[in-house]
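Trainee: This structure is in structure tokens; I'll ask about it shortly.
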Amino acid sequence: MRALLALDWRHFTDAQLQEILRLEQEYDELIFVISRPEGLLEGHSPMLCSQLMPALQATLGQHLQKPFCLLPIPGKGLPDHYHWLRWRILCPAFVHAFTSNAAEREAMELTLRVPVTVIPSGGAPVIMPALAPVKRGIFITRAQPFHNGHAAYLEQMKAEVDEAIVIVGVANQSHTAKDFATAGERLEMIKPYLDQCWPGRHYLAALPYSGFSLENFYELEYVLPAFHIVYTINTSTITYAHTAGYPVKNLNTSMEVSGTRVRACMVQDQPYDHLVPESVHRYLTYTNLATRLKQLLEKENR
């Protein structure tokens with residue numbers, strides 16, 4: 001059971017932090033949304049989300065004991081109600097939302113179809129820690145589903161970078177035979193593995209795509225912590241990374257596994273526990289994603 005919190009993080013207060021600590025006792029997991037990170041560039045004190053996100057994650061990590069997600073969700077110029085609708089797709093499922101803007105509570109509740117509560121600002125600002133520079137690698141994957149090949153990348157990254165950023169790409173695609181899971185479901189699928197593999201040293205996000213492919217890559221620079229190496233085998237992503245001036249690393253070992261193979265096993269009711277991490281297999285077993293995939297492949301009845 002999750003709660004989603006979309007506060008004004010530039011004006012995060014001690015009183016709000018205390019309310020978050022109280023909410024931690026009521027929910028299994030918390031989702032912190034940095035809504036419209038492009039808006040951080042506006043006003044007299046512009047800030048990049050890439051600066052805010054590491055400091056906020058470190059602050060929350062110092063105080064919270066239960067798992068949490070910190071997700072930047074760009075607005076892309078959308079009206080509020082369409083932007084909020086994206087939260088239902090780009091976030092793990094949640095049952096309650098919290099905002100610091102009382103004026104938007106009612107409209108947000110109607111759009112999200114969950115109760116929305118206001119956590120007012122006020123009180124002393126939270127002092128976020130100054131962080132030492134770290135070397136980060138970014139791994140971009142569709143994760144339809146996440147499998148042992150993806151896990152091998154993250155294991156390799158342990159020896160090469162200090163922190164990992166995992167991006168669920170093509171986040172705006174779902175409910176097709178190739179992309180059957182929503183971005184939020186893919187985050188749910190991956191998060192337990194990352195908590196075990198990279199505890200306290202990872203960022204996870206799902207980002208929608210614009211009509212300009214290279215723009216999608218450049219967007220990562222202002223909505224994510226600074227990264228230094230791109231890990232991928234996707235040829236398009238490789239060319240985007242090279243154009244933007246980033247080195248690219250491939251997997252050191254060959255893996256006989258693919259999303260196509262895992263999906264085929266799911267459809268044919270064949271074992272696939274040897275192709276995916278245990279936590280992913282557990283998630284796929286206890287959700288209806290295999291049934292959805294089978295339905296997507298059925299021919300229409302006419």
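Order determines the names: the first chain of the structure tokens is A, the second B, and so forth; residues in each chain are numbered 1 upward, and ligands are numbered 1 upward as they are shown.
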Set the distance at 10 Å and use only C-alpha atoms: which residues neighbour segment 215-222 of chain A once local chain neighbours fewer than 3 positions away are removed? I'd like the list as a VMD selection string.
Mentor: chain A and resid 37 to 38 40 to 41 47 to 51 74 138 167 169 207 to 212 225 to 227 237 240 to 241 243 to 244
Trainee: Kindly save the residues from that selection, with N, CA, C and O atoms included, as a JSON list (two decimals), in the first residue's frame.
Mentor:
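What ended up in result-v3.json:
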[["chain", "number", "residue", "atom", "x", "y", "z"],
["A", 37, "PRO", "N", 9.60, 19.27, -13.06],
["A", 37, "PRO", "CA", 10.95, 19.72, -12.69],
["A", 37, "PRO", "C", 11.46, 20.87, -13.55],
["A", 37, "PRO", "O", 12.34, 21.61, -13.11],
["A", 38, "GLU", "N", 10.90, 21.04, -14.76],
["A", 38, "GLU", "CA", 11.31, 22.17, -15.59],
["A", 38, "GLU", "C", 10.95, 23.50, -14.92],
["A", 38, "GLU", "O", 11.58, 24.53, -15.18],
["A", 40, "LEU", "N", 11.54, 24.28, -11.95],
["A", 40, "LEU", "CA", 12.60, 24.69, -11.04],
["A", 40, "LEU", "C", 13.51, 25.75, -11.65],
["A", 40, "LEU", "O", 14.22, 26.46, -10.93],
["A", 41, "LEU", "N", 13.47, 25.87, -12.97],
["A", 41, "LEU", "CA", 14.32, 26.85, -13.66],
["A", 41, "LEU", "C", 13.71, 28.24, -13.63],
["A", 41, "LEU", "O", 14.36, 29.21, -14.02],
["A", 47, "MET", "N", 17.04, 26.44, -10.40],
["A", 47, "MET", "CA", 17.71, 25.24, -9.91],
["A", 47, "MET", "C", 17.43, 24.11, -10.89],
["A", 47, "MET", "O", 16.34, 24.04, -11.47],
["A", 48, "LEU", "N", 18.39, 23.26, -11.09],
["A", 48, "LEU", "CA", 18.16, 22.07, -11.89],
["A", 48, "LEU", "C", 17.66, 20.95, -10.97],
["A", 48, "LEU", "O", 18.08, 20.84, -9.82],
["A", 49, "CYS", "N", 16.76, 20.14, -11.51],
["A", 49, "CYS", "CA", 16.32, 18.97, -10.76],
["A", 49, "CYS", "C", 17.51, 18.06, -10.46],
["A", 49, "CYS", "O", 17.54, 17.37, -9.45],
["A", 50, "SER", "N", 18.52, 18.10, -11.31],
["A", 50, "SER", "CA", 19.72, 17.29, -11.09],
["A", 50, "SER", "C", 20.45, 17.70, -9.81],
["A", 50, "SER", "O", 21.20, 16.91, -9.24],
["A", 51, "GLN", "N", 20.24, 18.94, -9.35],
["A", 51, "GLN", "CA", 20.81, 19.39, -8.08],
["A", 51, "GLN", "C", 19.91, 19.02, -6.90],
["A", 51, "GLN", "O", 20.38, 18.59, -5.84],
["A", 74, "PRO", "N", 8.23, 15.27, -15.69],
["A", 74, "PRO", "CA", 8.12, 16.54, -16.41],
["A", 74, "PRO", "C", 6.68, 16.84, -16.83],
["A", 74, "PRO", "O", 5.87, 15.94, -17.05],
["A", 138, "ILE", "N", 24.26, 5.47, -16.04],
["A", 138, "ILE", "CA", 22.83, 5.43, -16.32],
["A", 138, "ILE", "C", 22.54, 4.25, -17.23],
["A", 138, "ILE", "O", 23.22, 4.04, -18.24],
["A", 167, "ILE", "N", 16.66, 3.95, -15.85],
["A", 167, "ILE", "CA", 15.56, 4.63, -16.52],
["A", 167, "ILE", "C", 14.71, 3.60, -17.26],
["A", 167, "ILE", "O", 15.21, 2.85, -18.09],
["A", 169, "GLY", "N", 12.56, 3.24, -20.05],
["A", 169, "GLY", "CA", 12.33, 4.00, -21.27],
["A", 169, "GLY", "C", 11.04, 3.62, -21.95],
["A", 169, "GLY", "O", 10.35, 2.67, -21.54],
["A", 207, "LEU", "N", 10.40, 7.83, -17.78],
["A", 207, "LEU", "CA", 10.26, 9.12, -18.45],
["A", 207, "LEU", "C", 9.54, 8.98, -19.78],
["A", 207, "LEU", "O", 9.90, 8.13, -20.61],
["A", 208, "PRO", "N", 8.49, 9.78, -20.01],
["A", 208, "PRO", "CA", 7.78, 9.75, -21.30],
["A", 208, "PRO", "C", 8.61, 10.40, -22.39],
["A", 208, "PRO", "O", 9.54, 11.15, -22.11],
["A", 209, "TYR", "N", 8.27, 10.10, -23.62],
["A", 209, "TYR", "CA", 9.05, 10.57, -24.76],
["A", 209, "TYR", "C", 8.32, 11.67, -25.50],
["A", 209, "TYR", "O", 7.12, 11.64, -25.66],
["A", 210, "SER", "N", 9.07, 12.65, -25.96],
["A", 210, "SER", "CA", 8.51, 13.68, -26.84],
["A", 210, "SER", "C", 8.65, 13.21, -28.29],
["A", 210, "SER", "O", 9.17, 12.13, -28.56],
["A", 211, "GLY", "N", 8.26, 14.06, -29.23],
["A", 211, "GLY", "CA", 8.38, 13.69, -30.64],
["A", 211, "GLY", "C", 9.79, 13.86, -31.17],
["A", 211, "GLY", "O", 10.09, 13.44, -32.28],
["A", 212, "PHE", "N", 10.68, 14.47, -30.36],
["A", 212, "PHE", "CA", 12.06, 14.68, -30.79],
["A", 212, "PHE", "C", 12.95, 13.72, -30.01],
["A", 212, "PHE", "O", 13.15, 13.88, -28.81],
["A", 225, "PRO", "N", 20.09, 13.26, -11.53],
["A", 225, "PRO", "CA", 21.44, 13.59, -11.06],
["A", 225, "PRO", "C", 22.45, 13.44, -12.19],
["A", 225, "PRO", "O", 22.24, 12.66, -13.14],
["A", 226, "ALA", "N", 23.53, 14.18, -12.11],
["A", 226, "ALA", "CA", 24.56, 14.14, -13.16],
["A", 226, "ALA", "C", 25.06, 12.71, -13.34],
["A", 226, "ALA", "O", 25.33, 12.00, -12.36],
["A", 227, "PHE", "N", 25.17, 12.28, -14.58],
["A", 227, "PHE", "CA", 25.69, 10.95, -14.88],
["A", 227, "PHE", "C", 26.87, 11.07, -15.85],
["A", 227, "PHE", "O", 27.03, 12.09, -16.53],
["A", 237, "THR", "N", 20.00, 4.68, -28.74],
["A", 237, "THR", "CA", 20.49, 5.32, -27.52],
["A", 237, "THR", "C", 21.99, 5.55, -27.59],
["A", 237, "THR", "O", 22.51, 6.57, -27.12],
["A", 240, "TYR", "N", 22.53, 8.68, -29.62],
["A", 240, "TYR", "CA", 22.15, 9.87, -28.84],
["A", 240, "TYR", "C", 23.23, 10.21, -27.82],
["A", 240, "TYR", "O", 23.61, 11.37, -27.65],
["A", 241, "ALA", "N", 23.73, 9.17, -27.12],
["A", 241, "ALA", "CA", 24.76, 9.40, -26.10],
["A", 241, "ALA", "C", 26.03, 9.97, -26.73],
["A", 241, "ALA", "O", 26.63, 10.91, -26.20],
["A", 243, "THR", "N", 26.28, 11.68, -29.51],
["A", 243, "THR", "CA", 26.00, 13.06, -29.95],
["A", 243, "THR", "C", 26.07, 14.02, -28.77],
["A", 243, "THR", "O", 26.56, 15.15, -28.90],
["A", 244, "ALA", "N", 25.59, 13.58, -27.61],
["A", 244, "ALA", "CA", 25.59, 14.42, -26.42],
["A", 244, "ALA", "C", 26.93, 14.41, -25.70],
["A", 244, "ALA", "O", 27.10, 15.15, -24.72]]
Trainee: Residues at most 10 Å from Leu289 of chain A, counting only C-alpha atoms, excluding those fewer than 3 positions away in the same chain, as a list in words?
Mentor: Pro145, His175, Phe180, Ala181, Thr182, Glu185, Met266, Tyr283, Leu284, Thr285, Tyr286, Arg292, Leu293, Lys294 and Gln295 of chain A
Trainee: Skip Asn148 of chain A itself and residues of its chain fewer than 4 positions away, then list as a list in words all residues within 9 Å of it, counting only C-alpha atoms.
Mentor: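 Answer for this query is Ala152, Tyr153, Met255, Val257, Ser258, His274, Leu275, Val276 and Pro277 of chain A.
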Trainee: List the neighbours of segment 4-18 of chain A out to 7 Å using only C-alpha atoms; skip same-chain residues closer than 3 positions along the sequence, and give me the result as a list in words.
Mentor: Leu21, Arg22, Leu30, Ile31, Phe32, Val33, Ile34, Ser35, Phe94, His96, Ala97, Phe98, Thr99, Ser100, Ile119, Ser121, Gly122, Gly123, Ala124, Pro125 and Val126 of chain A
Trainee: Residues within 9 Å of Tyr193 of chain A, please, as an NGL selection string. Count only C-alpha atoms; anything in the same chain fewer than 6 positions from it doesn't count.
Mentor: :A and (151 or 277-280)
Trainee: Using all heavy atoms, can you export the residues from the last selection as an mmCIF file, in the first residue's frame?
Mentor:
data_model
loop_
_atom_site.group_PDB
_atom_site.id
_atom_site.type_symbol
_atom_site.label_atom_id
_atom_site.label_comp_id
_atom_site.auth_asym_id
_atom_site.auth_seq_id
_atom_site.Cartn_x
_atom_site.Cartn_y
_atom_site.Cartn_z
ATOM 1 N N ALA A 151 19.939 -7.450 -15.208
ATOM 2 C CA ALA A 151 20.595 -7.604 -13.912
ATOM 3 C C ALA A 151 22.106 -7.695 -14.066
ATOM 4 O O ALA A 151 22.859 -7.168 -13.231
ATOM 5 C CB ALA A 151 20.051 -8.844 -13.199
ATOM 6 N N PRO A 277 15.395 -12.256 -12.379
ATOM 7 C CA PRO A 277 15.706 -12.303 -10.941
ATOM 8 C C PRO A 277 14.521 -12.833 -10.135
ATOM 9 O O PRO A 277 13.362 -12.712 -10.548
ATOM 10 C CB PRO A 277 15.997 -10.833 -10.598
ATOM 11 C CG PRO A 277 16.417 -10.210 -11.882
ATOM 12 C CD PRO A 277 15.610 -10.909 -12.942
ATOM 13 N N GLU A 278 14.806 -13.390 -8.976
ATOM 14 C CA GLU A 278 13.762 -14.001 -8.152
ATOM 15 C C GLU A 278 12.657 -13.007 -7.808
ATOM 16 O O GLU A 278 11.470 -13.346 -7.852
ATOM 17 C CB GLU A 278 14.383 -14.555 -6.871
ATOM 18 C CG GLU A 278 13.383 -15.238 -5.946
ATOM 19 C CD GLU A 278 14.026 -15.752 -4.673
ATOM 20 O OE1 GLU A 278 15.271 -15.729 -4.590
ATOM 21 O OE2 GLU A 278 13.274 -16.176 -3.768
ATOM 22 N N SER A 279 13.037 -11.771 -7.466
ATOM 23 C CA SER A 279 12.029 -10.778 -7.080
ATOM 24 C C SER A 279 11.122 -10.429 -8.253
ATOM 25 O O SER A 279 9.930 -10.163 -8.072
ATOM 26 C CB SER A 279 12.707 -9.519 -6.537
ATOM 27 O OG SER A 279 13.567 -8.930 -7.509
ATOM 28 N N VAL A 280 11.673 -10.415 -9.468
ATOM 29 C CA VAL A 280 10.871 -10.125 -10.662
ATOM 30 C C VAL A 280 9.917 -11.279 -10.936
ATOM 31 O O VAL A 280 8.741 -11.064 -11.257
ATOM 32 C CB VAL A 280 11.780 -9.855 -11.876
ATOM 33 C CG1 VAL A 280 10.945 -9.713 -13.146
ATOM 34 C CG2 VAL A 280 12.621 -8.602 -11.643
#
Trainee: Go through A:Val223, A:Leu131, A:Val161, A:Met189 one by one, measure the shortest atom-to-atom distance of each to Met53 of chain A using only C-alpha atoms, and give the residue with the smallest value.
Mentor: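 Checking each of A:Val223, A:Leu131, A:Val161, A:Met189 against Met53 of chain A, counting only C-alpha atoms, the winner is A:Val223.
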Trainee: List every residue of segment 37-236 of chain A that DSSP, applied to the backbone of this structure, places in alpha helix (DSSP H), and write the result as a PyMOL selection string.
Mentor: chain A and resi 49-63+80-90+105-112+148-158+183-197+213-223+235-236
Trainee: Closest to Ala177 of chain A among A:Val118, A:Val248, A:Leu296, A:Val230, using only C-alpha atoms?
Mentor: A:Leu296
Trainee: Quick one: pull the distance between atom CA of Ile190 of chain A and atom CA of Glu29 of chain A, Å, one decimal.
Mentor: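 Going from atom CA of Ile190 of chain A over to atom CA of Glu29 of chain A covers 14.3 Å.
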Trainee: DSSP says strand (DSSP E or B) for which residues of segment 75-287 of chain A? Put them as a PyMOL selection string?
Mentor: chain A and resi 96-99+116-118+125+136-141+163-168+202-206+229-231+248-249
Trainee: For N, CA and C atoms, I'd like the residues from the last selection saved as a PDB file, in the first residue's frame.
Mentor:
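Contents of the output file part-v6.pdb:
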ATOM      1  N   HIS A  96      -3.421   6.890  -1.946  1.00  0.00           N
ATOM      2  CA  HIS A  96      -3.656   8.195  -1.336  1.00  0.00           C
ATOM      3  C   HIS A  96      -2.595   9.140  -1.877  1.00  0.00           C
ATOM      4  N   ALA A  97      -2.959  10.393  -2.096  1.00  0.00           N
ATOM      5  CA  ALA A  97      -2.013  11.400  -2.566  1.00  0.00           C
ATOM      6  C   ALA A  97      -2.008  12.581  -1.609  1.00  0.00           C
ATOM      7  N   PHE A  98      -0.851  13.249  -1.536  1.00  0.00           N
ATOM      8  CA  PHE A  98      -0.692  14.400  -0.662  1.00  0.00           C
ATOM      9  C   PHE A  98      -0.057  15.534  -1.458  1.00  0.00           C
ATOM     10  N   THR A  99      -0.562  16.742  -1.262  1.00  0.00           N
ATOM     11  CA  THR A  99      -0.057  17.909  -1.959  1.00  0.00           C
ATOM     12  C   THR A  99       0.148  19.039  -0.960  1.00  0.00           C
ATOM     13  N   VAL A 116      -7.107  12.856  -1.622  1.00  0.00           N
ATOM     14  CA  VAL A 116      -5.972  13.782  -1.658  1.00  0.00           C
ATOM     15  C   VAL A 116      -6.029  14.644  -0.404  1.00  0.00           C
ATOM     16  N   THR A 117      -4.916  14.719   0.306  1.00  0.00           N
ATOM     17  CA  THR A 117      -4.823  15.485   1.546  1.00  0.00           C
ATOM     18  C   THR A 117      -3.744  16.553   1.393  1.00  0.00           C
ATOM     19  N   VAL A 118      -4.001  17.710   1.984  1.00  0.00           N
ATOM     20  CA  VAL A 118      -3.047  18.816   1.927  1.00  0.00           C
ATOM     21  C   VAL A 118      -2.091  18.733   3.117  1.00  0.00           C
ATOM     22  N   PRO A 125      12.842  25.638   7.195  1.00  0.00           N
ATOM     23  CA  PRO A 125      13.208  24.812   6.048  1.00  0.00           C
ATOM     24  C   PRO A 125      14.110  23.650   6.456  1.00  0.00           C
ATOM     25  N   ARG A 136      28.461   8.362 -11.605  1.00  0.00           N
ATOM     26  CA  ARG A 136      27.207   7.638 -11.837  1.00  0.00           C
ATOM     27  C   ARG A 136      27.147   7.085 -13.262  1.00  0.00           C
ATOM     28  N   GLY A 137      26.559   5.912 -13.354  1.00  0.00           N
ATOM     29  CA  GLY A 137      26.228   5.339 -14.652  1.00  0.00           C
ATOM     30  C   GLY A 137      24.732   5.302 -14.818  1.00  0.00           C
ATOM     31  N   ILE A 138      24.265   5.467 -16.039  1.00  0.00           N
ATOM     32  CA  ILE A 138      22.832   5.430 -16.315  1.00  0.00           C
ATOM     33  C   ILE A 138      22.540   4.246 -17.228  1.00  0.00           C
ATOM     34  N   PHE A 139      21.569   3.445 -16.830  1.00  0.00           N
ATOM     35  CA  PHE A 139      21.151   2.273 -17.599  1.00  0.00           C
ATOM     36  C   PHE A 139      19.731   2.505 -18.074  1.00  0.00           C
ATOM     37  N   ILE A 140      19.538   2.490 -19.377  1.00  0.00           N
ATOM     38  CA  ILE A 140      18.236   2.770 -19.982  1.00  0.00           C
ATOM     39  C   ILE A 140      17.680   1.482 -20.574  1.00  0.00           C
ATOM     40  N   THR A 141      16.468   1.115 -20.175  1.00  0.00           N
ATOM     41  CA  THR A 141      15.893  -0.151 -20.626  1.00  0.00           C
ATOM     42  C   THR A 141      14.377  -0.055 -20.685  1.00  0.00           C
ATOM     43  N   GLU A 163      27.212   5.049  -8.175  1.00  0.00           N
ATOM     44  CA  GLU A 163      25.755   5.004  -8.090  1.00  0.00           C
ATOM     45  C   GLU A 163      25.173   4.664  -9.455  1.00  0.00           C
ATOM     46  N   ALA A 164      23.999   4.050  -9.433  1.00  0.00           N
ATOM     47  CA  ALA A 164      23.319   3.663 -10.670  1.00  0.00           C
ATOM     48  C   ALA A 164      22.022   4.446 -10.829  1.00  0.00           C
ATOM     49  N   ILE A 165      21.766   4.894 -12.052  1.00  0.00           N
ATOM     50  CA  ILE A 165      20.473   5.471 -12.412  1.00  0.00           C
ATOM     51  C   ILE A 165      19.828   4.519 -13.411  1.00  0.00           C
ATOM     52  N   VAL A 166      18.653   4.028 -13.107  1.00  0.00           N
ATOM     53  CA  VAL A 166      17.946   3.116 -14.004  1.00  0.00           C
ATOM     54  C   VAL A 166      16.723   3.846 -14.544  1.00  0.00           C
ATOM     55  N   ILE A 167      16.664   3.948 -15.854  1.00  0.00           N
ATOM     56  CA  ILE A 167      15.560   4.627 -16.520  1.00  0.00           C
ATOM     57  C   ILE A 167      14.707   3.604 -17.259  1.00  0.00           C
ATOM     58  N   VAL A 168      13.429   3.567 -16.918  1.00  0.00           N
ATOM     59  CA  VAL A 168      12.463   2.792 -17.692  1.00  0.00           C
ATOM     60  C   VAL A 168      12.081   3.647 -18.891  1.00  0.00           C
ATOM     61  N   HIS A 202      21.005   4.059  -5.651  1.00  0.00           N
ATOM     62  CA  HIS A 202      20.381   4.037  -6.971  1.00  0.00           C
ATOM     63  C   HIS A 202      19.265   5.068  -7.082  1.00  0.00           C
ATOM     64  N   TYR A 203      18.965   5.432  -8.315  1.00  0.00           N
ATOM     65  CA  TYR A 203      17.815   6.259  -8.673  1.00  0.00           C
ATOM     66  C   TYR A 203      17.044   5.489  -9.727  1.00  0.00           C
ATOM     67  N   LEU A 204      15.721   5.597  -9.672  1.00  0.00           N
ATOM     68  CA  LEU A 204      14.859   4.868 -10.599  1.00  0.00           C
ATOM     69  C   LEU A 204      13.774   5.804 -11.069  1.00  0.00           C
ATOM     70  N   ALA A 205      13.567   5.876 -12.368  1.00  0.00           N
ATOM     71  CA  ALA A 205      12.544   6.776 -12.900  1.00  0.00           C
ATOM     72  C   ALA A 205      12.025   6.243 -14.223  1.00  0.00           C
ATOM     73  N   ALA A 206      10.819   6.686 -14.572  1.00  0.00           N
ATOM     74  CA  ALA A 206      10.220   6.371 -15.870  1.00  0.00           C
ATOM     75  C   ALA A 206       9.927   7.693 -16.554  1.00  0.00           C
ATOM     76  N   ILE A 229      28.458   7.905 -17.535  1.00  0.00           N
ATOM     77  CA  ILE A 229      28.590   6.790 -18.477  1.00  0.00           C
ATOM     78  C   ILE A 229      27.192   6.277 -18.798  1.00  0.00           C
ATOM     79  N   VAL A 230      26.949   5.969 -20.063  1.00  0.00           N
ATOM     80  CA  VAL A 230      25.662   5.420 -20.491  1.00  0.00           C
ATOM     81  C   VAL A 230      25.849   3.937 -20.782  1.00  0.00           C
ATOM     82  N   TYR A 231      25.020   3.111 -20.168  1.00  0.00           N
ATOM     83  CA  TYR A 231      25.059   1.663 -20.379  1.00  0.00           C
ATOM     84  C   TYR A 231      23.846   1.268 -21.219  1.00  0.00           C
ATOM     85  N   VAL A 248      29.901   5.307 -23.864  1.00  0.00           N
ATOM     86  CA  VAL A 248      28.915   4.222 -23.796  1.00  0.00           C
ATOM     87  C   VAL A 248      29.635   2.932 -23.460  1.00  0.00           C
ATOM     88  N   LYS A 249      29.037   2.140 -22.581  1.00  0.00           N
ATOM     89  CA  LYS A 249      29.589   0.831 -22.243  1.00  0.00           C
ATOM     90  C   LYS A 249      28.569  -0.253 -22.526  1.00  0.00           C
TER      91      LYS A 249
END
Trainee: Figure out the distance between atom CA of Ala183 of chain A and atom CA of Gly39 of chain A, please, to one decimal in Å.
Mentor: 22.9 Å
Trainee: Which value, in Å to one decimal, gives the distance between atom CA of Gly75 of chain A and atom CA of Asp179 of chain A?
Mentor: 23.0 Å
Trainee: Which residue, A:His150, A:Arg105, A:Lys66, A:Arg88, has the smallest gap to Asn250 of chain A when you use only C-alpha atoms?
Mentor: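 Closest to Asn250 of chain A, using only C-alpha atoms: A:His150.
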